[in-house]
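structure.cif follows (mmCIF, C-alpha atoms):
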```cif
data_start
loop_
_atom_site.label_atom_id
_atom_site.label_comp_id
_atom_site.auth_asym_id
_atom_site.auth_seq_id
_atom_site.Cartn_x
_atom_site.Cartn_y
_atom_site.Cartn_z
CA MET K 1 97.74 -90.88 219.58
CA ASP K 2 95.02 -92.80 217.78
CA PHE K 3 95.60 -96.49 217.21
CA THR K 4 92.29 -97.03 215.41
CA PRO K 5 93.16 -99.01 212.26
CA SER K 6 92.56 -97.34 208.94
CA GLU K 7 90.16 -98.96 206.50
CA GLU K 8 93.09 -100.52 204.65
CA GLN K 9 94.72 -101.80 207.85
CA ALA K 10 91.47 -103.30 209.12
CA ALA K 11 90.83 -105.03 205.79
CA ALA K 12 94.35 -106.48 205.73
CA GLN K 13 94.01 -107.71 209.32
CA GLU K 14 90.66 -109.32 208.56
CA LEU K 15 92.09 -111.08 205.52
CA ALA K 16 95.12 -112.27 207.48
CA ALA K 17 92.91 -113.59 210.28
CA ARG K 18 90.87 -115.57 207.78
CA ILE K 19 93.88 -117.07 206.00
CA PHE K 20 95.72 -117.96 209.20
CA GLY K 21 92.56 -119.31 210.80
CA ASP K 22 91.74 -121.51 207.81
CA LEU K 23 95.22 -122.79 206.98
CA SER K 24 97.38 -122.67 210.11
CA THR K 25 95.70 -125.64 211.72
CA HIS K 26 97.19 -127.97 214.30
CA GLU K 27 97.40 -130.74 211.70
CA ARG K 28 99.28 -128.56 209.20
CA LEU K 29 101.67 -127.32 211.88
CA VAL K 30 102.47 -130.89 212.87
CA ALA K 31 103.05 -131.80 209.22
CA ALA K 32 105.36 -128.79 208.72
CA GLY K 33 107.64 -129.97 211.52
CA THR K 34 110.40 -127.42 212.10
CA GLY K 35 110.14 -125.87 208.63
CA THR K 36 108.01 -123.29 206.87
CA ASP K 37 104.49 -123.99 205.67
CA ALA K 38 105.19 -123.26 202.00
CA GLY K 39 101.54 -123.52 201.01
CA LEU K 40 100.48 -120.97 203.60
CA TRP K 41 103.27 -118.59 202.61
CA LYS K 42 102.21 -118.84 198.96
CA GLU K 43 98.61 -118.10 199.94
CA LEU K 44 99.65 -115.00 201.90
CA CYS K 45 101.73 -113.72 199.00
CA THR K 46 98.98 -114.45 196.47
CA ALA K 47 96.63 -112.39 198.64
CA GLY K 48 99.17 -109.55 198.50
CA LEU K 49 99.64 -109.22 202.25
CA PRO K 50 103.46 -108.83 202.36
CA GLY K 51 103.34 -106.18 199.64
CA ALA K 52 100.50 -104.38 201.40
CA VAL K 53 102.82 -103.53 204.29
CA GLU K 54 104.33 -100.72 202.22
CA ASP K 55 100.90 -99.05 202.28
CA ILE K 56 99.61 -100.00 205.74
CA GLY K 57 102.92 -99.28 207.49
CA LEU K 58 104.53 -100.81 210.53
CA LEU K 59 101.32 -100.51 212.55
CA GLY K 60 99.51 -102.48 209.86
CA LEU K 61 102.26 -105.10 209.96
CA VAL K 62 101.89 -105.39 213.75
CA LEU K 63 98.19 -106.11 213.23
CA LEU K 64 99.02 -108.85 210.70
CA LEU K 65 101.62 -110.37 213.00
CA GLU K 66 99.14 -110.48 215.87
CA GLU K 67 97.00 -112.76 213.72
CA GLN K 68 100.01 -114.90 212.84
CA GLY K 69 100.95 -115.19 216.51
CA ARG K 70 97.48 -116.35 217.52
CA THR K 71 97.93 -119.45 215.34
CA THR K 72 101.75 -119.72 215.53
CA ALA K 73 101.77 -119.91 211.73
CA GLN K 74 105.17 -120.96 210.42
CA VAL K 75 105.86 -118.32 207.75
CA PRO K 76 108.65 -115.68 207.48
CA LEU K 77 106.25 -112.73 207.44
CA ALA K 78 107.91 -110.57 210.11
CA ALA K 79 111.44 -111.12 208.82
CA THR K 80 110.64 -110.51 205.16
CA CYS K 81 108.59 -107.39 205.84
CA VAL K 82 110.92 -105.73 208.37
CA TYR K 83 114.34 -106.71 207.04
CA GLY K 84 113.30 -106.71 203.40
CA LEU K 85 110.32 -104.61 202.34
CA LEU K 86 110.38 -101.86 204.96
CA ALA K 87 114.18 -101.69 205.10
CA VAL K 88 114.61 -101.34 201.35
CA ALA K 89 111.61 -99.04 200.94
CA GLY K 90 112.81 -96.81 203.76
CA HIS K 91 116.56 -96.75 203.20
CA GLY K 92 117.24 -98.05 199.70
CA THR K 93 118.13 -96.04 196.63
CA PRO K 94 115.55 -95.70 193.83
CA GLU K 95 117.49 -98.34 191.89
CA GLN K 96 117.48 -100.76 194.85
CA ARG K 97 113.77 -100.27 195.42
CA GLU K 98 112.96 -100.90 191.77
CA ARG K 99 115.16 -104.00 191.62
CA LEU K 100 114.52 -105.64 195.00
CA LEU K 101 110.97 -104.83 196.07
CA PRO K 102 108.94 -106.68 193.39
CA ALA K 103 110.33 -110.10 194.37
CA LEU K 104 109.83 -109.36 198.07
CA ARG K 105 106.23 -108.35 197.43
CA ASP K 106 105.28 -111.52 195.57
CA GLY K 107 107.21 -113.90 197.82
CA THR K 108 109.73 -115.14 195.27
CA ALA K 109 112.38 -113.55 197.51
CA VAL K 110 112.51 -114.03 201.28
CA ALA K 111 114.50 -111.71 203.51
CA THR K 112 115.73 -111.94 207.06
CA GLY K 113 118.07 -109.97 209.27
CA ALA K 114 121.02 -110.69 211.51
CA PHE K 115 119.45 -108.62 214.30
CA PRO K 116 120.22 -108.22 217.11
CA ALA K 117 123.77 -108.84 215.92
CA ARG K 118 124.96 -111.16 218.68
CA GLY K 119 128.24 -111.94 216.99
CA GLY K 120 131.03 -110.08 215.29
CA VAL K 121 130.77 -108.92 211.67
CA ARG K 122 133.32 -106.48 210.34
CA SER K 123 133.72 -104.79 206.98
CA VAL K 124 137.14 -104.56 205.34
CA ASP K 125 137.12 -102.52 202.12
CA GLY K 126 133.54 -103.57 201.42
CA ALA K 127 134.12 -107.26 202.19
CA LEU K 128 132.32 -108.79 205.18
CA TYR K 129 133.91 -111.18 207.67
CA GLY K 130 132.45 -112.84 210.76
CA ALA K 131 129.38 -114.74 211.86
CA VAL K 132 126.04 -114.36 213.61
CA PRO K 133 125.17 -117.41 215.77
CA TRP K 134 121.52 -117.69 214.78
CA VAL K 135 119.22 -115.85 212.42
CA PRO K 136 115.45 -116.55 212.20
CA TRP K 137 114.13 -117.94 208.90
CA LEU K 138 117.67 -117.98 207.47
CA ARG K 139 117.18 -121.37 205.80
CA ASP K 140 114.33 -119.89 203.74
CA ALA K 141 116.00 -116.58 202.98
CA THR K 142 117.40 -115.48 199.64
CA GLN K 143 118.89 -112.38 201.25
CA VAL K 144 119.96 -111.41 204.74
CA LEU K 145 120.39 -107.90 206.11
CA VAL K 146 123.62 -107.68 208.11
CA ALA K 147 124.86 -104.91 210.40
CA ASP K 148 128.63 -104.64 210.75
CA ASP K 149 130.56 -103.42 213.80
CA GLU K 150 130.25 -99.83 212.55
CA ARG K 151 126.44 -100.18 212.35
CA GLU K 152 126.44 -100.03 208.57
CA LEU K 153 123.83 -102.16 206.81
CA TRP K 154 124.61 -104.65 204.06
CA ILE K 155 122.30 -106.77 201.91
CA VAL K 156 123.89 -110.18 201.43
CA ASP K 157 122.75 -112.82 198.95
CA THR K 158 122.64 -116.09 200.88
CA ARG K 159 123.87 -117.91 197.76
CA ALA K 160 126.92 -115.67 197.27
CA PRO K 161 130.48 -117.06 197.47
CA GLY K 162 131.80 -116.92 201.02
CA VAL K 163 128.39 -117.28 202.69
CA THR K 164 127.79 -120.36 204.81
CA VAL K 165 124.43 -121.27 206.31
CA VAL K 166 124.36 -123.92 209.03
CA PRO K 167 120.92 -125.05 210.27
CA VAL K 168 120.21 -124.28 213.93
CA GLU K 169 117.27 -125.78 215.82
CA THR K 170 115.64 -123.44 218.31
CA THR K 171 112.65 -123.91 220.59
CA ALA K 172 110.38 -122.38 217.93
CA PRO K 173 110.32 -123.86 214.40
CA TRP K 174 111.66 -120.77 212.62
CA SER K 175 113.98 -122.41 210.04
CA ALA K 176 116.85 -120.66 211.81
CA GLY K 177 120.51 -120.90 210.94
CA ARG K 178 124.00 -119.63 211.67
CA VAL K 179 125.39 -117.33 209.00
CA GLY K 180 129.12 -117.16 208.33
CA LEU K 181 130.72 -114.51 206.13
CA ASP K 182 134.21 -114.90 204.66
CA GLY K 183 135.10 -112.01 202.38
CA VAL K 184 131.52 -111.62 201.15
CA ARG K 185 130.73 -108.60 199.01
CA GLY K 186 127.55 -107.09 200.41
CA GLU K 187 125.36 -104.36 198.97
CA SER K 188 125.30 -101.22 201.11
CA LEU K 189 121.86 -100.10 202.32
CA GLY K 190 121.36 -96.63 203.73
CA THR K 191 124.07 -94.46 205.22
CA GLY K 192 125.37 -94.28 208.75
CA PRO K 193 124.12 -95.81 212.00
CA GLY K 194 120.72 -94.08 211.73
CA ALA K 195 119.47 -96.64 209.20
CA CYS K 196 120.63 -99.48 211.43
CA ALA K 197 118.88 -98.02 214.48
CA SER K 198 115.67 -97.55 212.49
CA VAL K 199 115.65 -101.13 211.20
CA LEU K 200 116.45 -102.51 214.67
CA ALA K 201 113.60 -100.48 216.20
CA ALA K 202 111.19 -101.66 213.51
CA GLY K 203 112.26 -105.26 214.11
CA ARG K 204 111.75 -104.99 217.85
CA THR K 205 108.32 -103.47 217.32
CA ALA K 206 107.22 -106.07 214.79
CA PHE K 207 108.33 -109.04 216.87
CA ALA K 208 106.66 -107.49 219.93
CA GLY K 209 103.45 -107.45 217.89
CA LEU K 210 104.02 -111.11 217.06
CA GLN K 211 104.45 -111.82 220.77
CA ALA K 212 101.15 -110.05 221.50
CA GLY K 213 99.43 -112.49 219.17
CA VAL K 214 101.22 -115.50 220.65
CA CYS K 215 100.10 -114.44 224.13
CA ALA K 216 96.53 -113.78 222.99
CA GLY K 217 96.38 -117.24 221.44
CA SER K 218 97.79 -118.88 224.56
CA LEU K 219 95.32 -117.05 226.78
CA ALA K 220 92.37 -117.92 224.51
CA ARG K 221 93.26 -121.61 224.76
CA ALA K 222 93.56 -121.33 228.55
CA VAL K 223 90.15 -119.66 228.79
CA GLN K 224 88.56 -122.34 226.62
CA HIS K 225 90.16 -125.11 228.70
CA THR K 226 89.29 -123.72 232.12
CA THR K 227 85.68 -122.92 231.22
CA THR K 228 84.97 -126.39 229.84
CA ARG K 229 86.97 -128.62 232.18
CA GLU K 230 85.31 -129.35 235.50
CA GLN K 231 86.82 -130.22 238.85
CA PHE K 232 84.76 -131.11 241.93
CA GLY K 233 81.60 -130.54 239.90
CA ARG K 234 82.31 -127.02 238.64
CA PRO K 235 84.41 -125.41 235.89
CA LEU K 236 88.02 -124.61 236.71
CA SER K 237 87.36 -121.00 235.74
CA THR K 238 85.20 -120.50 238.83
CA ASN K 239 88.24 -120.87 241.10
CA GLN K 240 89.56 -117.51 242.24
CA GLY K 241 93.18 -118.49 241.70
CA VAL K 242 92.47 -119.38 238.08
CA LEU K 243 90.59 -116.13 237.51
CA LEU K 244 93.39 -114.01 238.97
CA ARG K 245 96.07 -115.78 236.94
CA ALA K 246 94.08 -115.33 233.73
CA ALA K 247 93.37 -111.68 234.54
CA ASP K 248 97.06 -110.98 235.08
CA ALA K 249 97.86 -112.68 231.76
CA HIS K 250 95.22 -110.57 230.02
CA MET K 251 96.66 -107.32 231.40
CA ASP K 252 100.19 -108.36 230.39
CA THR K 253 98.99 -109.16 226.87
CA GLU K 254 97.29 -105.77 226.59
CA ALA K 255 100.48 -104.03 227.78
CA ILE K 256 102.49 -105.76 225.06
CA ARG K 257 99.90 -104.83 222.46
CA VAL K 258 99.55 -101.15 223.35
CA THR K 259 103.30 -100.52 223.62
CA ALA K 260 103.85 -102.19 220.23
CA TYR K 261 101.05 -100.07 218.75
CA GLU K 262 102.61 -96.88 220.13
CA ALA K 263 106.07 -97.67 218.78
CA ALA K 264 104.66 -98.57 215.36
CA TRP K 265 102.41 -95.49 215.26
CA ARG K 266 105.36 -93.22 215.97
CA TYR K 267 107.55 -95.04 213.43
CA ASP K 268 104.97 -94.57 210.69
CA ARG K 269 104.74 -90.84 211.45
CA GLN K 270 108.52 -90.45 211.52
CA LEU K 271 108.51 -89.40 215.15
CA GLY K 272 111.10 -90.52 217.66
CA HIS K 273 110.44 -94.21 218.28
CA GLU K 274 113.64 -95.86 219.53
CA ALA K 275 112.71 -95.61 223.22
CA GLN K 276 109.17 -96.79 222.48
CA ALA K 277 110.51 -99.78 220.53
CA LEU K 278 112.72 -100.74 223.48
CA THR K 279 109.73 -100.39 225.82
CA ALA K 280 107.62 -102.65 223.60
CA ALA K 281 110.46 -105.18 223.41
CA TRP K 282 110.83 -105.16 227.20
CA TRP K 283 107.12 -105.82 227.72
CA ALA K 284 107.14 -108.53 225.04
CA SER K 285 110.12 -110.23 226.66
CA GLU K 286 109.20 -109.96 230.33
CA ALA K 287 105.40 -110.05 230.20
CA GLY K 288 105.35 -112.45 227.25
CA ARG K 289 107.26 -115.01 229.26
CA ARG K 290 104.79 -114.68 232.14
CA VAL K 291 101.78 -115.08 229.86
CA VAL K 292 102.90 -118.25 228.09
CA HIS K 293 103.92 -119.80 231.40
CA ALA K 294 100.46 -118.97 232.76
CA GLY K 295 98.80 -120.39 229.68
CA GLN K 296 100.61 -123.68 230.06
CA HIS K 297 100.10 -123.78 233.83
CA LEU K 298 96.35 -123.19 233.54
CA HIS K 299 96.12 -126.30 231.37
CA GLY K 300 97.38 -128.38 234.28
CA GLY K 301 98.88 -131.70 233.25
CA THR K 302 97.61 -131.18 229.70
CA GLY K 303 100.00 -128.26 229.35
CA ALA K 304 102.94 -130.62 229.76
CA ASP K 305 101.88 -132.59 226.66
CA LEU K 306 104.37 -131.71 223.91
CA ASP K 307 101.74 -132.45 221.27
CA HIS K 308 99.14 -130.07 222.69
CA PRO K 309 98.71 -126.77 220.76
CA VAL K 310 99.27 -124.64 223.88
CA HIS K 311 102.80 -126.01 224.17
CA ARG K 312 103.57 -124.45 220.78
CA HIS K 313 102.56 -121.04 222.14
CA PHE K 314 104.84 -121.65 225.12
CA LEU K 315 107.80 -122.42 222.85
CA TRP K 316 107.14 -119.41 220.62
CA GLY K 317 106.80 -117.12 223.63
CA ARG K 318 110.11 -118.27 225.08
CA GLN K 319 111.83 -117.98 221.71
CA LEU K 320 110.58 -114.41 221.23
CA ASP K 321 111.76 -113.63 224.76
CA ALA K 322 115.25 -114.82 223.79
CA TYR K 323 115.20 -113.08 220.41
CA LEU K 324 114.13 -109.69 221.75
CA GLY K 325 116.70 -109.85 224.54
CA CYS K 326 116.26 -110.44 228.25
CA GLY K 327 114.56 -107.70 230.24
CA ALA K 328 117.72 -106.57 232.02
CA GLU K 329 119.57 -106.02 228.73
CA LEU K 330 116.71 -104.03 227.26
CA LEU K 331 116.28 -101.93 230.40
CA GLU K 332 119.99 -101.12 230.41
CA GLU K 333 119.86 -100.01 226.78
CA LEU K 334 116.70 -97.97 227.41
CA GLY K 335 118.25 -96.34 230.47
CA LEU K 336 121.38 -95.35 228.55
CA LEU K 337 119.24 -93.95 225.74
CA LEU K 338 117.12 -91.86 228.12
CA ALA K 339 120.18 -90.68 230.06
CA SER K 340 121.81 -89.51 226.84
CA GLY K 341 118.79 -87.34 226.07
CA ASP K 342 118.58 -88.87 222.58
CA ARG K 343 115.21 -90.61 222.31
CA GLY K 344 115.26 -90.92 218.55
CA LYS K 345 114.66 -88.55 215.73
CA GLU K 346 114.57 -84.79 216.07
CA GLY K 347 111.28 -83.48 217.39
CA THR K 348 110.76 -86.23 219.97
CA PRO K 349 109.02 -84.86 223.07
#
```
As structure tokens:
Amino acid sequence: MDFTPSEEQAAAQELAARIFGDLSTHERLVAAGTGTDAGLWKELCTAGLPGAVEDIGLLGLVLLLEEQGRTTAQVPLAATCVYGLLAVAGHGTPEQRERLLPALRDGTAVATGAFPARGGVRSVDGALYGAVPWVPWLRDATQVLVADDERELWIVDTRAPGVTVVPVETTAPWSAGRVGLDGVRGESLGTGPGACASVLAAGRTAFAGLQAGVCAGSLARAVQHTTTREQFGRPLSTNQGVLLRAADAHMDTEAIRVTAYEAAWRYDRQLGHEAQALTAAWWASEAGRRVVHAGQHLHGGTGADLDHPVHRHFLWGRQLDAYLGCGAELLEELGLLLASGDRGKEGTP
């Protein structure tokens, strides 16, 4: 395995880092409240970054999401790319790709996905019934990718008759909502449960990459704080306890990053990746929670200030922990997958 970014991936990451660094400032995040930063999203789409994901692959997307996570930028990049661009490009018909992809590339359409499907959605003669309690970026979405109880995928227009969207406030400002479906006619995407498993694995990998960035941003703030704040005449960072806590957080962050890279690398090469995606999700959930707690703790009393930027990393980290699924759930699913001997696509070692 070689996780060295290609020239195109490195260029896209550098551009994303510059845009997020310039525009996702503390002042803009405060002004955005719990909603999306529409100006930042427009800038990303004008730069062509969502559309570039088709060329730079899931590993390239993970690199972009790391940069988003560092600044906790409030844009639906992960959801639109995974549940829109990559899902349609990978599993759509030629007609669906021609019709749906252009708007997703330029940002005039926003996609999200009801994954993991913690709720019941069933299909009756092509009509969808049920609800999913909360879906990230649903309030911004023009389409939502829904998996029914048979693991079939359906593209649903959020403005279609029978669709209800109820705003839901979560710890992270992700414009989330509850989606209800009452006899909605969805558009089938892909065939069989294989497409659903692939999209779910891609989503887990992408959001693990986002968590790697959130953790890196939290740790960077903790390092800056402990090296500049003095106690008893010396920087906090000279205390052994602080150094050990920061070192553990660094190793956890690297574990999240490398497992997300591996899962994305295998996905892009059409190798078995389901077990690797679950591994990345487990690290992002378990280790991610430890890192953002450490980042807030190392700020001392400052970390308890709800207006301090590090608190935003804490909230994002906990939200990603909840979204990816608690560690015990993920380990159970991974164990069942390994016990079955089916680690993904044919050819998996």
Residue list as a list of chain:residue names for point (119.3, -110.0, 203.2), cut-off 10 Å, all atoms listed in the file: K:Ala79, K:Thr80, K:Tyr83, K:Gly84, K:Ala87, K:Ala109, K:Val110, K:Ala111, K:Thr112, K:Gly113, K:Ala114, K:Leu138, K:Ala141, K:Thr142, K:Gln143, K:Val144, K:Leu145, K:Val146, K:Leu153, K:Trp154, K:Ile155, K:Val156, K:Asp157, K:Thr158, K:Gly186, K:Glu187
Selection as a PyMOL selection string: residues within 9 Å of (99.4, -100.4, 211.5), counting only C-alpha atoms: chain K and resi 3-6+9-10+53+56-64+261+264-265+268
List as a CSV table (one decimal) with C-alpha atoms, in the coordinates of the input the protein and nucleic acid residues near Gly303 (chain K), meaning an atom at most 10 Å away when only C-alpha atoms are counted, but skip any in the same chain fewer than 6 places from it.
```
chain,number,residue,atom,x,y,z
K,222,ALA,CA,93.6,-121.3,228.6
K,293,HIS,CA,103.9,-119.8,231.4
K,294,ALA,CA,100.5,-119.0,232.8
K,295,GLY,CA,98.8,-120.4,229.7
K,296,GLN,CA,100.6,-123.7,230.1
K,297,HIS,CA,100.1,-123.8,233.8
K,309,PRO,CA,98.7,-126.8,220.8
K,310,VAL,CA,99.3,-124.6,223.9
K,311,HIS,CA,102.8,-126.0,224.2
K,314,PHE,CA,104.8,-121.6,225.1
```
Reference answer for the PyMOL selection byres ((chain K and resi 270-286) around 7), as a tab-separated table (two decimals) with C-alpha atoms, keeping the file's coordinate frame:
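Result written to selection39.tsv:
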```tsv
chain	number	residue	atom	x	y	z
K	201	ALA	CA	113.60	-100.48	216.20
K	204	ARG	CA	111.75	-104.99	217.85
K	205	THR	CA	108.32	-103.47	217.32
K	208	ALA	CA	106.66	-107.49	219.93
K	211	GLN	CA	104.45	-111.82	220.77
K	255	ALA	CA	100.48	-104.03	227.78
K	256	ILE	CA	102.49	-105.76	225.06
K	259	THR	CA	103.30	-100.52	223.62
K	260	ALA	CA	103.85	-102.19	220.23
K	262	GLU	CA	102.61	-96.88	220.13
K	263	ALA	CA	106.07	-97.67	218.78
K	266	ARG	CA	105.36	-93.22	215.97
K	267	TYR	CA	107.55	-95.04	213.43
K	268	ASP	CA	104.97	-94.57	210.69
K	269	ARG	CA	104.74	-90.84	211.45
K	287	ALA	CA	105.40	-110.05	230.20
K	288	GLY	CA	105.35	-112.45	227.25
K	289	ARG	CA	107.26	-115.01	229.26
K	290	ARG	CA	104.79	-114.68	232.14
K	320	LEU	CA	110.58	-114.41	221.23
K	321	ASP	CA	111.76	-113.63	224.76
K	324	LEU	CA	114.13	-109.69	221.75
K	325	GLY	CA	116.70	-109.85	224.54
K	326	CYS	CA	116.26	-110.44	228.25
K	327	GLY	CA	114.56	-107.70	230.24
K	330	LEU	CA	116.71	-104.03	227.26
K	334	LEU	CA	116.70	-97.97	227.41
K	343	ARG	CA	115.21	-90.61	222.31
K	344	GLY	CA	115.26	-90.92	218.55
K	345	LYS	CA	114.66	-88.55	215.73
K	346	GLU	CA	114.57	-84.79	216.07
K	347	GLY	CA	111.28	-83.48	217.39
K	348	THR	CA	110.76	-86.23	219.97
```
For CA of Val165 (chain K) and CA of Leu128 (chain K), the interatomic separation in Å (one decimal):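 Between CA of Val165 (chain K) and CA of Leu128 (chain K) the gap is 14.8 Å.
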Selection result of the PyMOL selection byres ((chain K and resi 50) around 8) on this file, as a PyMOL selection string: chain K and resi 44-45+48-49+51-53+77+80-81+104-107
Need the shell around Arg97 (chain K): protein/DNA/RNA residues with any atom at most 12 Å away, counting only C-alpha atoms. Skip same-chain ones fewer than 2 positions apart. Format as a PDB file with C-alpha atoms, keeping the file's coordinate frame?
```
ATOM      1  CA  GLU K  54     104.330-100.720 202.220  1.00  0.00           C
ATOM      2  CA  GLY K  84     113.300-106.710 203.400  1.00  0.00           C
ATOM      3  CA  LEU K  85     110.320-104.610 202.340  1.00  0.00           C
ATOM      4  CA  LEU K  86     110.380-101.860 204.960  1.00  0.00           C
ATOM      5  CA  ALA K  87     114.180-101.690 205.100  1.00  0.00           C
ATOM      6  CA  VAL K  88     114.610-101.340 201.350  1.00  0.00           C
ATOM      7  CA  ALA K  89     111.610 -99.040 200.940  1.00  0.00           C
ATOM      8  CA  GLY K  90     112.810 -96.810 203.760  1.00  0.00           C
ATOM      9  CA  HIS K  91     116.560 -96.750 203.200  1.00  0.00           C
ATOM     10  CA  GLY K  92     117.240 -98.050 199.700  1.00  0.00           C
ATOM     11  CA  THR K  93     118.130 -96.040 196.630  1.00  0.00           C
ATOM     12  CA  PRO K  94     115.550 -95.700 193.830  1.00  0.00           C
ATOM     13  CA  GLU K  95     117.490 -98.340 191.890  1.00  0.00           C
ATOM     14  CA  ARG K  99     115.160-104.000 191.620  1.00  0.00           C
ATOM     15  CA  LEU K 100     114.520-105.640 195.000  1.00  0.00           C
ATOM     16  CA  LEU K 101     110.970-104.830 196.070  1.00  0.00           C
ATOM     17  CA  PRO K 102     108.940-106.680 193.390  1.00  0.00           C
ATOM     18  CA  ALA K 103     110.330-110.100 194.370  1.00  0.00           C
ATOM     19  CA  LEU K 104     109.830-109.360 198.070  1.00  0.00           C
ATOM     20  CA  ARG K 105     106.230-108.350 197.430  1.00  0.00           C
ATOM     21  CA  LEU K 189     121.860-100.100 202.320  1.00  0.00           C
ATOM     22  CA  GLY K 190     121.360 -96.630 203.730  1.00  0.00           C
TER      23      GLY K 190
END
```
Residues matched by the PyMOL selection byres ((chain K and resi 23) around 10), written as a ChimeraX atom specification: /K:18-22,24-29,37,39-40,43,71,73
Given only C-alpha atoms as the counted atoms, nearest of K:Ser198, K:Ser175, K:Ser340, K:Ser237 to Leu298 (chain K):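 Of the candidates, the smallest distance to Leu298 (chain K) is held by K:Ser237.
You will find CA of Asp182 (chain K) at 4.8 Å from CA of Gly162 (chain K).
Across the structure, CA of Leu219 (chain K) and CA of Ala176 (chain K) are spaced 26.5 Å apart.
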Polymer residues at most 12 Å from Val132 (chain K), all atoms listed in the file, same-chain spacing of 4 or more positions, as a VMD selection string: chain K and resid 113 to 122 128 136 138 144 to 149 163 to 166 168 176 to 181
K:Thr34, K:Ala246, K:Arg151, K:Ala195 ranked by distance to Trp137 (chain K), top pick (using only C-alpha atoms):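 Closest to Trp137 (chain K), using only C-alpha atoms: K:Thr34.
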Nearest candidate to Trp134 (chain K) (options K:His225, K:Glu169, K:Leu15, K:Glu150; using all atoms listed in the file): K:Glu169
For Glu66 (chain K), work out the shell of residues within 7 Å, counting all atoms listed in the file and skipping chain neighbours fewer than 6 positions away, then give it as a short mmCIF file (atom, residue, chain, number, x, y, z; two decimals) with C-alpha atoms, in the coordinates of the input.
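The resulting around.cif:
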```
data_model
loop_
_atom_site.label_atom_id
_atom_site.label_comp_id
_atom_site.auth_asym_id
_atom_site.auth_seq_id
_atom_site.Cartn_x
_atom_site.Cartn_y
_atom_site.Cartn_z
CA GLY K 209 103.45 -107.45 217.89
CA LEU K 210 104.02 -111.11 217.06
CA ALA K 212 101.15 -110.05 221.50
CA GLY K 213 99.43 -112.49 219.17
#
```
Write region 18-22 of chain K as a tab-separated table (two decimals), in the coordinates of the input, completed to all heavy atoms.
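Contents of selection-v3.tsv, freshly written:
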```tsv
chain	number	residue	atom	x	y	z
K	18	ARG	N	91.58	-114.50	208.48
K	18	ARG	CA	90.87	-115.57	207.78
K	18	ARG	C	91.84	-116.60	207.21
K	18	ARG	O	91.63	-117.81	207.35
K	18	ARG	CB	89.99	-114.98	206.67
K	18	ARG	CG	89.14	-116.03	205.98
K	18	ARG	CD	88.04	-115.41	205.14
K	18	ARG	NE	88.56	-114.67	204.00
K	18	ARG	CZ	88.52	-113.35	203.87
K	18	ARG	NH1	87.99	-112.60	204.84
K	18	ARG	NH2	89.00	-112.75	202.80
K	19	ILE	N	92.92	-116.14	206.60
K	19	ILE	CA	93.88	-117.07	206.00
K	19	ILE	C	94.57	-117.89	207.08
K	19	ILE	O	94.69	-119.12	206.97
K	19	ILE	CB	94.91	-116.30	205.14
K	19	ILE	CG1	94.23	-115.68	203.92
K	19	ILE	CG2	96.03	-117.25	204.70
K	19	ILE	CD1	95.14	-114.80	203.10
K	20	PHE	N	95.05	-117.23	208.12
K	20	PHE	CA	95.72	-117.96	209.20
K	20	PHE	C	94.76	-118.92	209.90
K	20	PHE	O	95.12	-120.05	210.22
K	20	PHE	CB	96.32	-116.98	210.22
K	20	PHE	CG	97.55	-116.27	209.76
K	20	PHE	CD1	97.65	-114.89	209.86
K	20	PHE	CD2	98.62	-116.97	209.23
K	20	PHE	CE1	98.79	-114.23	209.44
K	20	PHE	CE2	99.77	-116.32	208.80
K	20	PHE	CZ	99.85	-114.94	208.92
K	21	GLY	N	93.54	-118.46	210.13
K	21	GLY	CA	92.56	-119.31	210.80
K	21	GLY	C	92.19	-120.54	210.00
K	21	GLY	O	92.00	-121.63	210.55
K	22	ASP	N	92.12	-120.38	208.67
K	22	ASP	CA	91.74	-121.51	207.81
K	22	ASP	C	92.89	-122.48	207.57
K	22	ASP	O	92.68	-123.70	207.49
K	22	ASP	CB	91.24	-120.99	206.46
K	22	ASP	CG	89.89	-120.29	206.56
K	22	ASP	OD1	89.21	-120.46	207.59
K	22	ASP	OD2	89.52	-119.57	205.61
```
